[in-house]
Structures are given as C-alpha cells and as structure tokens.
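model.cif (mmCIF, C-alpha atoms) appears below.
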```cif
data_structure
#
loop_
_atom_site.label_atom_id
_atom_site.label_comp_id
_atom_site.auth_asym_id
_atom_site.auth_seq_id
_atom_site.Cartn_x
_atom_site.Cartn_y
_atom_site.Cartn_z
CA MET L 1 0.00 0.00 0.00
CA ARG L 2 1.28 3.44 -0.94
CA LYS L 3 2.57 5.43 2.02
CA ARG L 4 0.45 8.44 2.86
CA PRO L 5 2.42 11.69 2.27
CA ARG L 6 3.26 13.72 5.34
CA GLN L 7 2.00 17.29 5.65
CA LEU L 8 4.64 20.01 5.41
CA PHE L 9 2.97 22.42 7.84
CA MET L 10 1.42 21.67 11.21
CA GLN L 11 -2.09 22.77 12.09
CA GLU L 12 -0.75 25.01 14.86
CA PRO L 13 2.77 26.41 15.16
CA PRO L 14 4.80 25.03 18.06
CA GLU L 15 6.03 27.35 20.77
CA ASN L 16 9.14 29.40 19.86
CA SER L 17 8.83 28.50 16.18
CA SER L 18 10.09 30.86 13.48
CA PRO L 19 7.85 33.85 12.61
CA LEU L 20 8.34 32.90 8.95
CA TYR L 21 6.88 29.47 9.61
CA ARG L 22 3.98 30.99 11.56
CA ASN L 23 3.12 33.32 8.67
CA LEU L 24 2.80 30.39 6.29
CA ILE L 25 0.60 28.31 8.59
CA SER L 26 -2.03 31.06 8.53
CA PRO L 27 -1.34 33.16 5.41
CA ARG L 28 -3.11 36.50 5.42
CA ARG L 29 -1.69 38.14 2.30
CA PRO L 30 -1.52 36.92 -1.30
CA ILE L 31 2.28 36.78 -1.18
CA GLU L 32 2.08 34.47 1.85
CA GLU L 33 -0.50 32.25 0.16
CA LEU L 34 1.71 32.00 -2.94
CA ALA L 35 4.77 31.23 -0.80
CA ARG L 36 2.92 28.45 1.02
CA GLN L 37 1.70 26.93 -2.24
CA ARG L 38 5.22 26.93 -3.66
CA CYS L 39 6.55 25.32 -0.48
CA GLU L 40 3.98 22.56 -0.74
CA ASN L 41 4.85 22.02 -4.41
CA MET L 42 8.51 21.70 -3.45
CA TRP L 43 7.68 19.32 -0.62
CA ARG L 44 6.00 16.88 -3.00
CA LEU L 45 9.27 16.67 -4.93
CA PHE L 46 11.58 16.75 -1.94
CA GLU L 47 9.82 14.46 0.56
CA PRO L 48 11.57 11.25 -0.60
CA LEU L 49 14.92 13.01 0.02
CA ALA L 50 14.06 14.55 3.38
CA ASP L 51 15.79 13.20 6.47
CA PRO L 52 13.58 11.79 9.25
CA ASN L 53 13.94 14.94 11.37
CA PHE L 54 13.19 17.45 8.61
CA LEU L 55 9.58 18.26 9.56
CA GLU L 56 10.48 18.39 13.23
CA ARG L 57 13.25 20.94 12.62
CA LEU L 58 11.48 23.03 9.98
CA PRO L 59 9.47 25.26 12.40
CA PHE L 60 12.63 26.29 14.28
CA GLU L 61 15.17 26.46 11.46
CA PHE L 62 12.81 27.57 8.74
CA HIS L 63 15.05 29.26 6.20
CA GLN L 64 17.89 26.74 6.53
CA ARG L 65 15.55 23.80 6.08
CA TRP L 66 13.61 25.64 3.34
CA PHE L 67 16.82 26.06 1.35
CA GLU L 68 17.59 22.36 1.69
CA MET L 69 14.10 21.59 0.35
CA TYR L 70 14.50 24.15 -2.43
CA MET L 71 17.80 22.59 -3.51
CA GLY L 72 16.33 19.09 -3.52
CA ALA L 73 13.22 20.15 -5.44
CA ALA L 74 15.35 21.97 -8.02
CA LEU L 75 17.54 18.90 -8.58
CA VAL L 76 14.55 16.56 -8.89
CA SER L 77 12.60 18.89 -11.20
CA ALA L 78 15.71 19.24 -13.38
CA GLY L 79 15.45 15.49 -14.08
CA LEU L 80 18.64 14.49 -12.25
CA ASP L 81 19.30 11.11 -10.69
CA VAL L 82 19.48 12.40 -7.13
CA SER L 83 19.38 10.71 -3.75
CA ALA L 84 19.87 11.80 -0.17
CA ALA L 85 22.87 10.81 1.89
CA THR L 86 22.49 9.11 5.24
CA PRO L 87 21.99 11.91 7.82
CA GLY L 88 25.21 12.77 9.58
CA ARG L 89 27.32 10.50 7.38
CA GLY L 90 27.60 12.38 4.10
CA PRO L 91 26.68 15.45 2.05
CA ASP L 92 23.05 16.46 1.62
CA PHE L 93 22.63 15.24 -1.96
CA GLU L 94 24.25 12.66 -4.23
CA ILE L 95 23.84 12.90 -8.01
CA HIS L 96 24.88 10.38 -10.66
CA ALA L 97 25.67 12.14 -13.94
CA GLY L 98 28.12 11.55 -16.76
CA GLY L 99 29.57 8.47 -15.11
CA ARG L 100 30.51 10.46 -12.01
CA ARG L 101 29.14 10.99 -8.55
CA VAL L 102 28.46 14.61 -7.65
CA TYR L 103 27.90 15.56 -4.01
CA ILE L 104 26.19 18.76 -2.91
CA GLU L 105 26.34 20.17 0.61
CA ALA L 106 23.94 23.06 1.34
CA VAL L 107 24.37 25.91 3.81
CA CYS L 108 22.71 29.25 4.57
CA ALA L 109 25.03 32.13 5.40
CA THR L 110 23.83 34.34 8.24
CA ALA L 111 24.39 37.89 9.44
CA GLY L 112 26.36 36.62 12.43
CA ASP L 113 25.99 37.21 16.16
CA PRO L 114 24.58 40.76 16.52
CA MET L 115 26.82 41.26 19.56
CA HIS L 116 29.94 40.58 17.49
CA GLU L 117 31.64 43.50 15.78
CA ASP L 118 31.92 41.58 12.49
CA ALA L 119 28.16 40.96 12.25
CA VAL L 120 26.17 42.53 9.40
CA SER L 121 23.46 44.81 10.80
CA GLU L 122 20.11 45.53 9.26
CA PRO L 123 20.23 48.79 7.28
CA ILE L 124 18.66 51.90 8.80
CA TYR L 125 17.04 54.12 6.20
CA ARG L 126 15.53 56.76 8.51
CA ASP L 127 16.88 58.63 11.52
CA ALA L 128 15.12 59.13 14.86
CA GLU L 129 13.11 62.02 13.40
CA GLY L 130 11.98 59.97 10.43
CA ASN L 131 14.21 61.67 7.88
CA PRO L 132 15.67 59.47 5.13
CA VAL L 133 19.38 58.64 5.50
CA CYS L 134 21.90 56.80 3.37
CA ALA L 135 22.79 53.25 4.44
CA GLN L 136 26.41 52.20 4.05
CA VAL L 137 26.77 48.72 2.54
CA PRO L 138 29.45 46.81 4.51
CA HIS L 139 31.03 44.96 1.59
CA ASP L 140 33.85 43.34 3.55
CA ARG L 141 31.63 42.14 6.38
CA ILE L 142 29.19 40.55 3.95
CA THR L 143 32.07 38.89 2.10
CA LEU L 144 33.49 37.55 5.35
CA ARG L 145 30.10 36.09 6.37
CA LEU L 146 29.88 34.24 3.04
CA ALA L 147 33.49 33.08 3.31
CA HIS L 148 32.79 31.79 6.84
CA SER L 149 29.94 29.59 5.59
CA VAL L 150 31.99 28.27 2.66
CA ARG L 151 34.92 27.50 4.94
CA ALA L 152 32.67 25.46 7.25
CA LYS L 153 31.57 23.28 4.33
CA LEU L 154 35.11 22.92 3.00
CA SER L 155 35.91 21.39 6.38
CA ALA L 156 32.79 19.21 6.16
CA PHE L 157 33.94 17.74 2.85
CA ASP L 158 37.32 16.98 4.42
CA ARG L 159 35.51 14.95 7.07
CA TYR L 160 33.40 13.13 4.50
CA ARG L 161 36.52 12.12 2.58
CA ASN L 162 38.24 10.89 5.72
CA ALA L 163 35.14 8.92 6.71
CA GLY L 164 34.85 7.28 3.30
CA PRO L 165 31.56 8.33 1.63
CA VAL L 166 33.32 10.83 -0.67
CA MET L 167 36.14 9.52 -2.85
CA PRO L 168 38.92 11.53 -4.58
CA ASP L 169 37.31 11.30 -8.02
CA ASP L 170 33.89 12.47 -6.79
CA ALA L 171 32.85 16.02 -7.71
CA CYS L 172 31.97 18.15 -4.68
CA VAL L 173 29.78 21.28 -4.75
CA ILE L 174 28.97 23.69 -1.91
CA ALA L 175 25.56 25.38 -2.25
CA VAL L 176 25.37 28.70 -0.37
CA ASN L 177 22.30 30.85 0.17
CA LEU L 178 22.88 34.48 1.25
CA ARG L 179 19.31 35.68 1.76
CA GLU L 180 19.68 36.07 5.54
CA ILE L 181 22.58 38.54 5.21
CA PRO L 182 21.25 42.12 5.13
CA HIS L 183 22.03 44.04 1.92
CA ALA L 184 23.48 40.96 0.18
CA TRP L 185 20.40 39.77 -1.72
CA ALA L 186 20.17 43.07 -3.65
CA ASP L 187 23.53 42.44 -5.38
CA ALA L 188 24.06 38.72 -4.92
CA LYS L 189 26.42 38.13 -7.85
CA GLU L 190 28.72 40.94 -6.67
CA PHE L 191 29.10 39.44 -3.20
CA PHE L 192 29.52 35.91 -4.48
CA PHE L 193 32.34 37.11 -6.74
CA ARG L 194 33.98 38.83 -3.78
CA ALA L 195 33.78 35.76 -1.55
CA VAL L 196 34.43 33.05 -4.15
CA TYR L 197 37.01 34.68 -6.44
CA GLY L 198 38.40 37.56 -4.38
CA ALA L 199 36.98 40.34 -6.56
CA GLY L 200 37.61 43.66 -4.83
CA ASN L 201 36.55 47.25 -5.30
CA ARG L 202 36.43 48.78 -8.77
CA TYR L 203 38.96 51.45 -9.63
CA MET L 204 39.87 53.81 -12.44
CA VAL L 205 43.09 55.63 -13.30
CA ILE L 206 42.65 59.20 -14.52
CA ASP L 207 45.26 61.21 -16.41
CA PRO L 208 44.71 64.75 -15.04
CA ARG L 209 46.58 66.39 -17.88
CA ALA L 210 44.68 64.65 -20.64
CA LYS L 211 41.51 64.74 -18.51
CA GLU L 212 40.64 61.18 -19.47
CA ILE L 213 40.35 57.72 -17.95
CA VAL L 214 43.36 55.65 -18.97
CA ALA L 215 42.62 52.38 -17.12
CA THR L 216 39.87 50.63 -15.18
CA GLY L 217 39.76 47.38 -13.25
CA ARG L 218 39.08 45.66 -9.96
CA GLU L 219 41.27 44.96 -7.00
CA HIS L 220 42.04 41.32 -6.29
CA ARG L 221 41.95 40.50 -2.59
CA THR L 222 42.40 37.02 -1.19
CA LEU L 223 42.68 38.25 2.41
CA LEU L 224 40.25 40.47 4.30
CA THR L 225 40.78 41.95 7.73
CA ARG L 226 38.25 41.43 10.49
CA ALA L 227 37.32 44.17 12.93
CA GLY L 228 39.66 42.63 15.52
CA GLY L 229 42.61 42.73 13.11
CA ALA L 230 42.80 39.06 12.13
CA ALA L 231 43.19 38.26 8.44
CA GLU L 232 40.76 35.80 6.84
CA GLU L 233 41.11 34.06 3.48
CA VAL L 234 38.57 34.43 0.70
CA ALA L 235 38.67 33.30 -2.97
CA PRO L 236 38.61 29.51 -2.33
CA MET L 237 37.83 28.75 -5.99
CA LEU L 238 41.23 30.17 -6.99
CA ASP L 239 43.11 28.35 -4.25
CA PRO L 240 44.90 25.09 -5.24
CA ASN L 241 44.44 23.88 -1.65
CA HIS L 242 40.69 23.68 -2.29
CA GLU L 243 40.69 22.09 -5.74
CA ASP L 244 38.95 19.04 -4.26
CA VAL L 245 35.75 21.16 -4.23
CA CYS L 246 34.86 21.71 -7.87
CA ALA L 247 32.34 24.54 -7.54
CA ILE L 248 30.26 26.79 -5.34
CA LEU L 249 26.60 27.20 -6.19
CA GLY L 250 25.16 30.53 -5.04
CA SER L 251 21.51 31.27 -4.36
CA SER L 252 19.65 34.39 -3.21
CA ALA L 253 16.13 32.94 -2.99
CA ASP L 254 13.80 32.54 -0.03
CA ALA L 255 10.23 31.35 0.39
CA TRP L 256 8.84 34.78 -0.53
CA ASN L 257 11.33 35.71 -3.22
CA MET L 258 12.05 33.05 -5.79
CA ARG L 259 11.76 32.53 -9.50
CA GLU L 260 10.45 29.51 -11.34
CA PRO L 261 11.49 26.95 -12.34
CA PHE L 262 13.05 26.03 -9.01
CA GLY L 263 16.72 26.95 -9.11
CA ASP L 264 16.38 29.74 -11.66
CA ASP L 265 18.43 32.00 -9.36
CA PHE L 266 21.40 29.58 -9.13
CA LEU L 267 24.89 30.82 -9.97
CA LEU L 268 27.38 27.95 -10.43
CA MET L 269 30.97 29.16 -9.92
CA PRO L 270 33.65 26.54 -10.72
CA HIS L 271 37.13 26.10 -9.30
CA VAL L 272 39.78 27.14 -11.82
CA SER L 273 41.62 23.82 -11.47
CA ALA L 274 39.20 21.33 -9.92
CA GLN L 275 40.62 17.83 -9.54
CA ALA L 276 37.19 16.32 -10.28
CA PRO L 277 35.03 18.80 -12.24
CA ALA L 278 31.27 18.41 -12.36
CA PRO L 279 29.82 17.74 -15.83
CA ARG L 280 29.19 20.97 -17.73
CA GLY L 281 25.50 21.90 -17.68
CA LEU L 282 24.83 19.52 -14.79
CA ILE L 283 21.76 21.30 -13.40
CA ARG L 284 20.94 23.72 -16.24
CA ARG L 285 19.18 26.11 -13.92
CA GLY L 286 20.15 29.74 -13.45
CA SER L 287 23.63 30.65 -14.69
CA GLU L 288 26.93 28.77 -14.94
CA LEU L 289 30.36 30.38 -15.23
CA SER L 290 33.42 29.13 -17.05
CA LEU L 291 36.93 30.51 -16.49
CA CYS L 292 39.80 30.58 -18.96
CA PRO L 293 43.31 31.98 -18.35
CA GLY L 294 43.67 35.57 -19.53
CA GLU L 295 46.47 37.08 -21.59
CA GLU L 296 48.28 38.27 -18.47
CA SER L 297 49.51 35.83 -15.84
CA GLY L 298 47.11 35.46 -12.93
CA THR L 299 44.11 36.84 -14.83
CA TRP L 300 40.99 35.02 -15.97
CA THR L 301 38.37 35.52 -18.65
CA VAL L 302 34.87 34.77 -17.40
CA ALA L 303 32.05 33.55 -19.63
CA GLU L 304 28.49 33.05 -18.39
CA THR L 305 25.82 30.69 -19.68
CA ASP L 306 22.33 31.71 -18.57
CA TYR L 307 20.06 28.68 -18.90
CA GLY L 308 16.97 30.71 -18.04
CA ALA L 309 17.44 33.43 -20.63
CA PRO L 310 15.21 33.42 -23.73
CA GLN L 311 16.72 33.40 -27.20
CA PRO L 312 18.10 36.82 -28.20
CA ARG L 313 15.84 38.68 -30.63
CA GLY L 314 15.96 41.99 -32.40
CA PRO L 315 16.50 44.81 -32.65
CA GLU L 316 13.15 45.26 -34.40
CA SER L 317 11.28 48.47 -35.16
CA PHE L 318 7.66 49.07 -34.23
CA VAL L 319 5.04 51.79 -34.41
CA VAL L 320 2.43 52.51 -31.75
CA GLU L 321 -0.55 54.83 -31.75
CA HIS L 322 -1.21 57.18 -28.85
CA GLU L 323 -3.72 60.02 -28.66
CA GLY L 324 -4.17 60.26 -32.40
CA SER L 325 -0.52 60.07 -33.47
CA GLN L 326 1.95 57.32 -34.33
CA TYR L 327 5.34 56.92 -32.69
CA GLU L 328 8.32 54.85 -33.77
CA GLY L 329 10.48 52.77 -31.47
CA GLU L 330 12.72 49.73 -31.29
CA TRP L 331 12.76 46.64 -29.10
CA GLU L 332 15.33 43.94 -28.42
CA VAL L 333 15.53 40.84 -26.22
CA SER L 334 18.97 40.64 -24.63
CA GLY L 335 19.77 38.31 -21.75
CA ARG L 336 16.71 38.26 -19.51
CA GLU L 337 15.57 41.75 -20.44
CA LEU L 338 13.28 43.27 -23.02
CA GLU L 339 14.74 46.63 -23.97
CA ILE L 340 12.54 49.33 -25.50
CA ARG L 341 13.97 52.51 -27.01
CA MET L 342 12.09 55.58 -28.20
CA ALA L 343 14.18 58.60 -29.25
CA GLY L 344 16.29 59.53 -26.23
CA HIS L 345 14.41 57.35 -23.75
CA GLY L 346 14.70 53.69 -22.95
CA SER L 347 13.19 51.08 -20.66
CA ALA L 348 14.23 47.54 -19.77
CA VAL L 349 11.99 44.97 -18.08
CA LEU L 350 12.45 41.35 -17.04
CA PHE L 351 11.42 39.03 -19.87
CA ARG L 352 11.17 35.26 -19.43
CA GLY L 353 10.35 34.32 -23.01
CA ASP L 354 6.80 33.12 -22.26
CA GLY L 355 5.05 35.88 -24.23
CA ASP L 356 5.30 37.90 -27.44
CA PRO L 357 8.02 40.54 -27.01
CA ALA L 358 6.53 42.68 -29.79
CA VAL L 359 3.21 42.93 -27.94
CA ALA L 360 4.94 43.63 -24.62
CA ALA L 361 7.14 46.29 -26.26
CA ARG L 362 4.12 48.17 -27.60
CA GLU L 363 2.40 48.11 -24.21
CA ILE L 364 5.51 49.45 -22.49
CA ALA L 365 5.99 52.08 -25.20
CA ILE L 366 2.49 53.44 -24.61
CA GLU L 367 3.24 53.66 -20.90
CA MET L 368 6.47 55.51 -21.69
CA LEU L 369 4.46 58.00 -23.76
CA ARG L 370 2.13 58.57 -20.83
CA VAL L 371 4.96 59.02 -18.32
CA TYR L 372 7.52 61.00 -20.30
CA GLY L 373 5.18 62.82 -22.67
CA ALA L 374 4.74 62.33 -26.39
CA ALA L 375 7.04 65.17 -27.45
CA ARG L 376 9.97 63.75 -25.46
CA CYS L 377 9.57 60.17 -26.69
CA SER L 378 9.34 60.71 -30.42
CA SER L 379 11.82 61.39 -33.15
CA ALA L 380 9.15 60.70 -35.77
CA VAL L 381 5.54 61.75 -35.17
CA ARG L 382 2.78 61.36 -37.73
CA SER L 383 -0.76 62.58 -37.12
CA ARG L 384 -3.89 60.87 -38.47
CA GLY L 385 -4.14 63.53 -41.17
CA ASP L 386 -0.59 62.83 -42.34
CA ARG L 387 -1.36 59.11 -42.66
CA LYS L 388 -4.39 59.80 -44.90
CA ALA L 389 -2.50 62.08 -47.27
#
```
Translate the structure of the given file into structure tokens.
Amino acid sequence: MRKRPRQLFMQEPPENSSPLYRNLISPRRPIEELARQRCENMWRLFEPLADPNFLERLPFEFHQRWFEMYMGAALVSAGLDVSAATPGRGPDFEIHAGGRRVYIEAVCATAGDPMHEDAVSEPIYRDAEGNPVCAQVPHDRITLRLAHSVRAKLSAFDRYRNAGPVMPDDACVIAVNLREIPHAWADAKEFFFRAVYGAGNRYMVIDPRAKEIVATGREHRTLLTRAGGAAEEVAPMLDPNHEDVCAILGSSADAWNMREPFGDDFLLMPHVSAQAPAPRGLIRRGSELSLCPGEESGTWTVAETDYGAPQPRGPESFVVEHEGSQYEGEWEVSGRELEIRMAGHGSAVLFRGDGDPAVAAREIAIEMLRVYGAARCSSAVRSRGDRKA
C-alpha cells in the first residue's frame, strides 16, 4: 500500500517557532498564500529526500531547512538522478551524472551574532526624526560572512573524505544561500564574486593632464581583515588547496522571493583547477560560469551561460498609436531583459520568453508616452491627417 504523504505544515505552530513558519501556517496576504503553495509544491518533490527529522526541525530552522528543500526540489525537477545521503554521514545530496558521482552540501550564510563586531546589521534608512538617510553597505563584512559559511563546508567535505563516503574522483559542490545577510540579496552576484574569487573594489586611473580615464579594473583580494585585526582568506575557488571542491553554487532565494522553475536563481561558480570537475551543464538552472586563463599571468576571462534566458531577438522596429498620433520605437531581447527605445528614452523589463516581445514592447511604449510625454519620446511623429495624405 502506498505510504500516505506527510504534511509540510502543522495545524498550529509550536512554541518558539520561526515567525516565517507561523506566517505560512495562517497566510493573510496573497504573497504568503503564494509562498505556502510553492513550499507545498517543493515538498512533494523533496519528501523522498528529506531526512527523518526534517519536519520536526522546519518550524525552528525555517530558512535553513527551506533552502535544503529548495535545492532538492530543483535537482529533482531538473530530471537528475538524485538521492539523499544518510543523515550525519555524508553530504546532503548525491547525483549520478556523466559516469561520475556529484555531491552537494547546502548551507545558509547568516548575518552573524549581533553582539559581534563583524556581524552585518540591518540597514537603517531613517533617523530618529523619520528623515531618510543613506545606508552604508558593509562589503567586507558581507564577504566575510559568506566566506565563513563556505569554509565550514570545505571542512565538512574533508571529514566526508576521511570517513569514506566521498572519494577523490567524486565532484563536490557547496551550495550557499545568502538571503539572511542584510544588503546581500540586492547584489548577490557581486558578493559571491567577492567571496568566491576575491573580486575587490572597482577602480579607475585618470590622467589629469589629458583629462581622461586611462585604465579601469578591480582589486584582487584574497585576504580580508576582520574588525579585531585578524586576516581571513577568501577566494577559495582560486586556491589550489581547495581544488577538491569543484564549484560553489550561489543562491539568493527565499520562500517569498524566488523565480520559477526552481533553481532559476542559481549561480554555479567553478574552481579554476578542480581535480574532479562536475559535468558541464549539470543542473541547467540559473547561470553557470566558465573561467579561462587571460592574456596576463594570474588573470581570468569569465564567460556566463544563462540557462533561463530566452533566445536573443531583435532589434526590431515598431510603431504605436497614442492620442491620435503614431510613434516609432525599437525593441530587443537581450539576456533576460526586453529593452525598449524611443528617441532619447529607454526602458528595460524582465522578460522570461513566455510571451510575445513585440506585444509587450508596444504596451511598455504606450506607458512611456504617458509618463515622459509624447514630445519627449518621439523622433518621428505622424498625425492621423498625415497618414491619410
């Protein structure tokens, strides 16, 4: 007889459970109802992979356990041959692909202990009087929090190898979610690059005599300094000492903020010299990077494959009618964006490829005419009378 599926959410939240879990038990807003439905959809895919204590721990470790479920559901829905390791004895997920075993260990980076000087604080956008203020983004602190989580899982893989489940020719991937770090989700790729590859601040060199920019670039920093003065390593995917981990998979999703299909936010960042690389296009969700040596020693050329981007289209011209006149514009699908240009104005919106870009472009163009004004959005205006002539 088929085993009856377990329910993801309890009827009543247990004492001291996460507020996030409580909101989903009794959703009051449409966004909460949608988040609960997505969680239940994920659970149907993930339940066979869940460890026996998953439902018991979910109310108290909601985001951490949610990310584990999200990872599992993404792998299953991608059609991979995935299984769960024995709890406490191996990585979270085991995949068989291309004649190789691929292990994935998932972790959620956090803001840190709020009493510690290296913790990342929630931004404050208004002062005591309610006036808006600028919030400084603590780039180094965020990078250090990500590096801390990665380092913990690098150590975990060392233990798994010593214990036997993971062999030298197995590909190992660390999946890191940064949603619980304040500021970080808004520019996730930037902070992953800082923590994974040591990308530093951007700079430019200006020739004051010629009054022109003569060079631009980014600092490369493999060591960051904590508030107490200790130096911490970052850039593990450039470090030969960590070539036994073939990639880091970054995610910025949470139960309320995620794209479909599951895993569409993934960013797979490989080690430059992995001893056991994962098969290219393993998951085919989100984006995957590839690194090639640059012309100068110690530099790398980065290429990105976005599996969720629609096919590029355009540029194509169009004409829309607004308040008795026709206006000319141009649209183009590039990456995940639909770009619309009219005279000196432009707009770019997220485009997933599930509609007609020409129709969407015309709708956006009419809105641009309403917002900016017809005279400012047109380099070619023809009235009804002109068209009849």
(request) Would you mind listing what lies within 9 Å of segment 289-305 of chain L as number ranges by chain, with only C-alpha atoms counted and same-chain residues fewer than 4 positions away left out? (result) L: 267-272, 309
(message) Let me make sure I understand: among L:Ala210, L:Met71, L:Ala147, L:Cys246, which one has the smallest atom-to-atom distance to Asp265 of chain L if we use only C-alpha atoms?
(response) L:Met71
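Close to (18.8, 27.0, -15.9), meaning no more than 8 Å away when counting only C-alpha atoms, sit the residues Gly263, Asp264, Phe266, Ile283, Arg284, Arg285, Gly286, Ser287, Asp306, Tyr307 and Gly308 of chain L.
Nearest to Phe46 of chain L of all the residues L:Pro168, L:Glu32, L:Phe262, L:Leu144 is L:Phe262, counting all atoms listed in the file.
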(request) Using atom CA of Pro357 of chain L and atom CA of Arg313 of chain L as the two end points, give the distance in Å to one decimal. (result) 8.8 Å
(request) Tell me, in Å to one decimal, how far atom CA of Ala199 of chain L is from atom CA of Leu146 of chain L. (result) 13.4 Å
Give me the result of the PyMOL selection byres ((chain L and resi 155) around 12) on this file, residue by residue, as an mmCIF file with C-alpha atoms, in the frame of the given file.
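Once written, expr-v1.cif looks like this:
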```
data_model
loop_
_atom_site.group_PDB
_atom_site.id
_atom_site.type_symbol
_atom_site.label_atom_id
_atom_site.label_comp_id
_atom_site.auth_asym_id
_atom_site.auth_seq_id
_atom_site.Cartn_x
_atom_site.Cartn_y
_atom_site.Cartn_z
ATOM 1 C CA PRO L 91 26.680 15.450 2.050
ATOM 2 C CA GLU L 105 26.340 20.170 0.610
ATOM 3 C CA HIS L 148 32.790 31.790 6.840
ATOM 4 C CA SER L 149 29.940 29.590 5.590
ATOM 5 C CA VAL L 150 31.990 28.270 2.660
ATOM 6 C CA ARG L 151 34.920 27.500 4.940
ATOM 7 C CA ALA L 152 32.670 25.460 7.250
ATOM 8 C CA LYS L 153 31.570 23.280 4.330
ATOM 9 C CA LEU L 154 35.110 22.920 3.000
ATOM 10 C CA ALA L 156 32.790 19.210 6.160
ATOM 11 C CA PHE L 157 33.940 17.740 2.850
ATOM 12 C CA ASP L 158 37.320 16.980 4.420
ATOM 13 C CA ARG L 159 35.510 14.950 7.070
ATOM 14 C CA TYR L 160 33.400 13.130 4.500
ATOM 15 C CA ARG L 161 36.520 12.120 2.580
ATOM 16 C CA ASN L 162 38.240 10.890 5.720
ATOM 17 C CA ILE L 174 28.970 23.690 -1.910
ATOM 18 C CA ASN L 241 44.440 23.880 -1.650
ATOM 19 C CA HIS L 242 40.690 23.680 -2.290
ATOM 20 C CA ASP L 244 38.950 19.040 -4.260
ATOM 21 C CA VAL L 245 35.750 21.160 -4.230
#
```
Care to translate the PyMOL selection byres ((chain L and resi 47) around 10) into actual residues of this file, as a short mmCIF file (atom, residue, chain, number, x, y, z; two decimals) with C-alpha atoms, keeping the file's coordinate frame?
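What ended up in result-v4.cif:
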```cif
data_model
loop_
_atom_site.label_atom_id
_atom_site.label_comp_id
_atom_site.auth_asym_id
_atom_site.auth_seq_id
_atom_site.Cartn_x
_atom_site.Cartn_y
_atom_site.Cartn_z
CA PRO L 5 2.42 11.69 2.27
CA ARG L 6 3.26 13.72 5.34
CA GLN L 7 2.00 17.29 5.65
CA LEU L 8 4.64 20.01 5.41
CA MET L 42 8.51 21.70 -3.45
CA TRP L 43 7.68 19.32 -0.62
CA ARG L 44 6.00 16.88 -3.00
CA LEU L 45 9.27 16.67 -4.93
CA PHE L 46 11.58 16.75 -1.94
CA PRO L 48 11.57 11.25 -0.60
CA LEU L 49 14.92 13.01 0.02
CA ALA L 50 14.06 14.55 3.38
CA ASP L 51 15.79 13.20 6.47
CA PRO L 52 13.58 11.79 9.25
CA PHE L 54 13.19 17.45 8.61
CA LEU L 55 9.58 18.26 9.56
CA MET L 69 14.10 21.59 0.35
CA GLY L 72 16.33 19.09 -3.52
CA ALA L 73 13.22 20.15 -5.44
#
```
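Near segment 178-180 of chain L, within 8 Å and counting all atoms listed in the file, sit Cys108, Ala109, Thr110, Ala111, Leu146, Trp185, Ala188, Gly250, Ser251, Ser252, Ala253 and Asp254 of chain L; same-chain residues fewer than 5 positions away were not included.
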Take the residues from that selection and put them in a file with C-alpha atoms, as a PDB file, in the frame of the given file.
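Okay, part.pdb is ready:
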```pdb
ATOM      1  CA  CYS L 108      22.710  29.250   4.570  1.00  0.00           C
ATOM      2  CA  ALA L 109      25.030  32.130   5.400  1.00  0.00           C
ATOM      3  CA  THR L 110      23.830  34.340   8.240  1.00  0.00           C
ATOM      4  CA  ALA L 111      24.390  37.890   9.440  1.00  0.00           C
ATOM      5  CA  LEU L 146      29.880  34.240   3.040  1.00  0.00           C
ATOM      6  CA  TRP L 185      20.400  39.770  -1.720  1.00  0.00           C
ATOM      7  CA  ALA L 188      24.060  38.720  -4.920  1.00  0.00           C
ATOM      8  CA  GLY L 250      25.160  30.530  -5.040  1.00  0.00           C
ATOM      9  CA  SER L 251      21.510  31.270  -4.360  1.00  0.00           C
ATOM     10  CA  SER L 252      19.650  34.390  -3.210  1.00  0.00           C
ATOM     11  CA  ALA L 253      16.130  32.940  -2.990  1.00  0.00           C
ATOM     12  CA  ASP L 254      13.800  32.540  -0.030  1.00  0.00           C
TER      13      ASP L 254
END
```
(request) To verify the selection step, state as number ranges by chain which residues the PyMOL selection byres ((chain L and resi 95) around 9) yields on this input. (result) L: 75, 80-84, 93-94, 96-97, 100-104
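Using all atoms listed in the file for every distance, the candidate list L:Leu58, L:Met368, L:Ala78, L:Leu224 yields L:Leu224 as the residue closest to His139 of chain L.
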(message) Which residues are close to Ala227 of chain L, i.e. within 9 Å by only C-alpha atoms, leaving aside same-chain residues fewer than 4 positions away? Reply as a ChimeraX atom specification.
(response) /L:117-118,141
Return as AutoDock Vina command-line options the box centre and box size in Å, one decimal, for an axis-aligned box around all listed atoms of segment 302-308 of chain L padded by 6 Å per side.
```
--center_x 25.9 --center_y 31.7 --center_z -18.5 --size_x 29.9 --size_y 18.1 --size_z 14.3
```
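Atom CA of Tyr70 of chain L is positioned 16.2 Å from atom CA of Ile248 of chain L.
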(message) Residues proximal to (34.5, 42.3, 5.4) were defined as those with any atom within 12 Å of that point in the file's coordinates, counting only C-alpha atoms. Which are they, as a ChimeraX atom specification?
(response) /L:111,117-120,137-148,191,194-195,198,200-201,221-234
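The residue that comes closest to Asp239 of chain L, out of L:Thr86, L:Ser273, L:Ser317, L:Asn177 and on the basis of all atoms listed in the file, is L:Ser273.
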(request) For Leu369 of chain L, please output as a PyMOL selection string all residues within 12 Å (counting only C-alpha atoms; exclusion window: fewer than 2 positions along the same chain). (result) chain L and resi 320-323+325-329+340-343+345-347+362-367+371-378
